[in-house]
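Here's the structure, in structure tokens; my notes come after.
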Amino acid sequence: MILDAQWITLTWMVLSGVVMGVAYDSYRVLSGQLRFPRWSIHTLDLLYWVASALFVFRMLYAGNHGQLRFYVFLGLIIGVCFYFWLLSVTTQHFVVMLIKLARTLIQWCGHILNILIVVPAKGIYRLVRVLFGFIIAILLFLGKLVLQCLIPFGKLFRWMFRPLLRYWVTPRWMIQAGTRIAAIWKRWFQGGRPGNE
């Protein structure tokens, strides 16, 4: 292998070591801030190392078509040591800042959705409820008014058919239905709405 290719491969490995350090610190800070379950830590560790191995192999293949040499491991060690010596603390602070920024954005999005969707939906629901109650009240008032107007006609028909009513035997189910209707009438029109007695 020519010298230029060796230096290129060494550079790729150093960069790969730095990237592995960035990924490790980012994963560690995320797992601490987001409080992953204990049982998932081992699985995530395994995924990290598998992803790191695939990434290093891809970089190695790009540098020297996958040939393992001593300077490959040297480059990885140099990259990782360089990262943890100079960039680790900065990366951790940066990841923490990104997490706080993401949480702030999520909170702002929640407030915006609450203002634009939840609050108007509640207002519409209350308005519909009030309108529905108003319409029901009007219908009940009109029904009561109509029934009051029909009372004289009922008395007139009763007077007209009084001779026939002497021989009429009221069925039991009609008596029960009349009792229920009278109770409902008393509850709605004489005692107020249900639940206010």
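Each chain in the structure tokens gets a letter, A, B and so on, in the order shown; residues start at 1 in every chain, and ligands are counted from 1 in the order they appear.
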
(message) Show me, as a list in words, the residues that have an atom within 8 Å of Val95 of chain A when counting only C-alpha atoms, minus same-chain residues fewer than 6 positions from it.
(response)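 Listed by chain and then number, they are Ser26, Val29 and Leu30 of chain A.
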
(message) Give me, as JSON, numbers by chain, all polymer residues having an atom no more than 12 Å from Leu98 of chain A, counting only C-alpha atoms and skipping those fewer than 4 positions away in the same chain.
(response) {"A": [26, 29, 30, 33, 91, 92, 93, 94, 102, 103, 104, 105]}

Restricted to N, CA and C atoms, what would the selected residues look like written as a PDB file, in the first residue's frame?
```
ATOM      1  N   SER A  26     -23.048  11.259  23.455  1.00  0.00           N
ATOM      2  CA  SER A  26     -24.431  11.634  23.165  1.00  0.00           C
ATOM      3  C   SER A  26     -25.396  10.581  23.694  1.00  0.00           C
ATOM      4  N   VAL A  29     -25.456  10.747  27.611  1.00  0.00           N
ATOM      5  CA  VAL A  29     -26.213  11.892  28.121  1.00  0.00           C
ATOM      6  C   VAL A  29     -27.710  11.689  27.883  1.00  0.00           C
ATOM      7  N   LEU A  30     -28.057  11.196  26.697  1.00  0.00           N
ATOM      8  CA  LEU A  30     -29.474  10.957  26.408  1.00  0.00           C
ATOM      9  C   LEU A  30     -30.071   9.933  27.361  1.00  0.00           C
ATOM     10  N   GLN A  33     -30.540  11.712  30.708  1.00  0.00           N
ATOM     11  CA  GLN A  33     -31.563  12.750  30.739  1.00  0.00           C
ATOM     12  C   GLN A  33     -32.964  12.170  30.538  1.00  0.00           C
ATOM     13  N   THR A  91     -19.010  18.334  24.122  1.00  0.00           N
ATOM     14  CA  THR A  91     -20.084  17.559  23.500  1.00  0.00           C
ATOM     15  C   THR A  91     -21.215  17.290  24.480  1.00  0.00           C
ATOM     16  N   GLN A  92     -20.869  16.928  25.706  1.00  0.00           N
ATOM     17  CA  GLN A  92     -21.897  16.652  26.707  1.00  0.00           C
ATOM     18  C   GLN A  92     -22.745  17.895  26.979  1.00  0.00           C
ATOM     19  N   HIS A  93     -22.093  19.031  27.144  1.00  0.00           N
ATOM     20  CA  HIS A  93     -22.841  20.280  27.369  1.00  0.00           C
ATOM     21  C   HIS A  93     -23.723  20.602  26.161  1.00  0.00           C
ATOM     22  N   PHE A  94     -23.191  20.372  24.980  1.00  0.00           N
ATOM     23  CA  PHE A  94     -23.967  20.659  23.765  1.00  0.00           C
ATOM     24  C   PHE A  94     -25.190  19.757  23.667  1.00  0.00           C
ATOM     25  N   ALA A 102     -35.004  21.066  22.851  1.00  0.00           N
ATOM     26  CA  ALA A 102     -36.083  20.217  22.333  1.00  0.00           C
ATOM     27  C   ALA A 102     -37.267  20.196  23.289  1.00  0.00           C
ATOM     28  N   ARG A 103     -36.991  20.119  24.591  1.00  0.00           N
ATOM     29  CA  ARG A 103     -38.091  20.140  25.568  1.00  0.00           C
ATOM     30  C   ARG A 103     -38.833  21.458  25.537  1.00  0.00           C
ATOM     31  N   THR A 104     -38.070  22.567  25.409  1.00  0.00           N
ATOM     32  CA  THR A 104     -38.714  23.882  25.328  1.00  0.00           C
ATOM     33  C   THR A 104     -39.593  23.983  24.088  1.00  0.00           C
ATOM     34  N   LEU A 105     -39.076  23.501  22.962  1.00  0.00           N
ATOM     35  CA  LEU A 105     -39.877  23.526  21.729  1.00  0.00           C
ATOM     36  C   LEU A 105     -41.128  22.677  21.856  1.00  0.00           C
TER      37      LEU A 105
END
```

(message) Residues within 9 Å of Ile78 of chain A, please, as a list in words. Count only C-alpha atoms; anything in the same chain fewer than 5 positions from it doesn't count.
(response)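 Near neighbours after the sequence-gap exclusion: Met13, Val14, Gly17, Val18, Phe73 and Tyr83 of chain A.
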
(message) I'd like the interatomic distance between atom CA of Leu87 of chain A and atom CA of Val50 of chain A, to a tenth of an Å.
(response)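 Atom-to-atom, atom CA of Leu87 of chain A and atom CA of Val50 of chain A are spaced 23.2 Å apart.
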
(message) Let me make sure I understand: among A:Leu60, A:His65, A:Gly79, A:Leu46, which one has the smallest atom-to-atom distance to Val19 of chain A if we use only C-alpha atoms?
(response) A:Gly79

(request) Rounded to one decimal place, report the atom CA of Leu76 of chain A-atom CA of Leu15 of chain A distance in Å. (result)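 Computed distance, atom CA of Leu76 of chain A to atom CA of Leu15 of chain A, equals 7.8 Å.
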
(request) Work out how far apart atom CA of Val22 of chain A and atom CA of Phe84 of chain A are and give it in Å to one decimal. (result) 9.0 Å
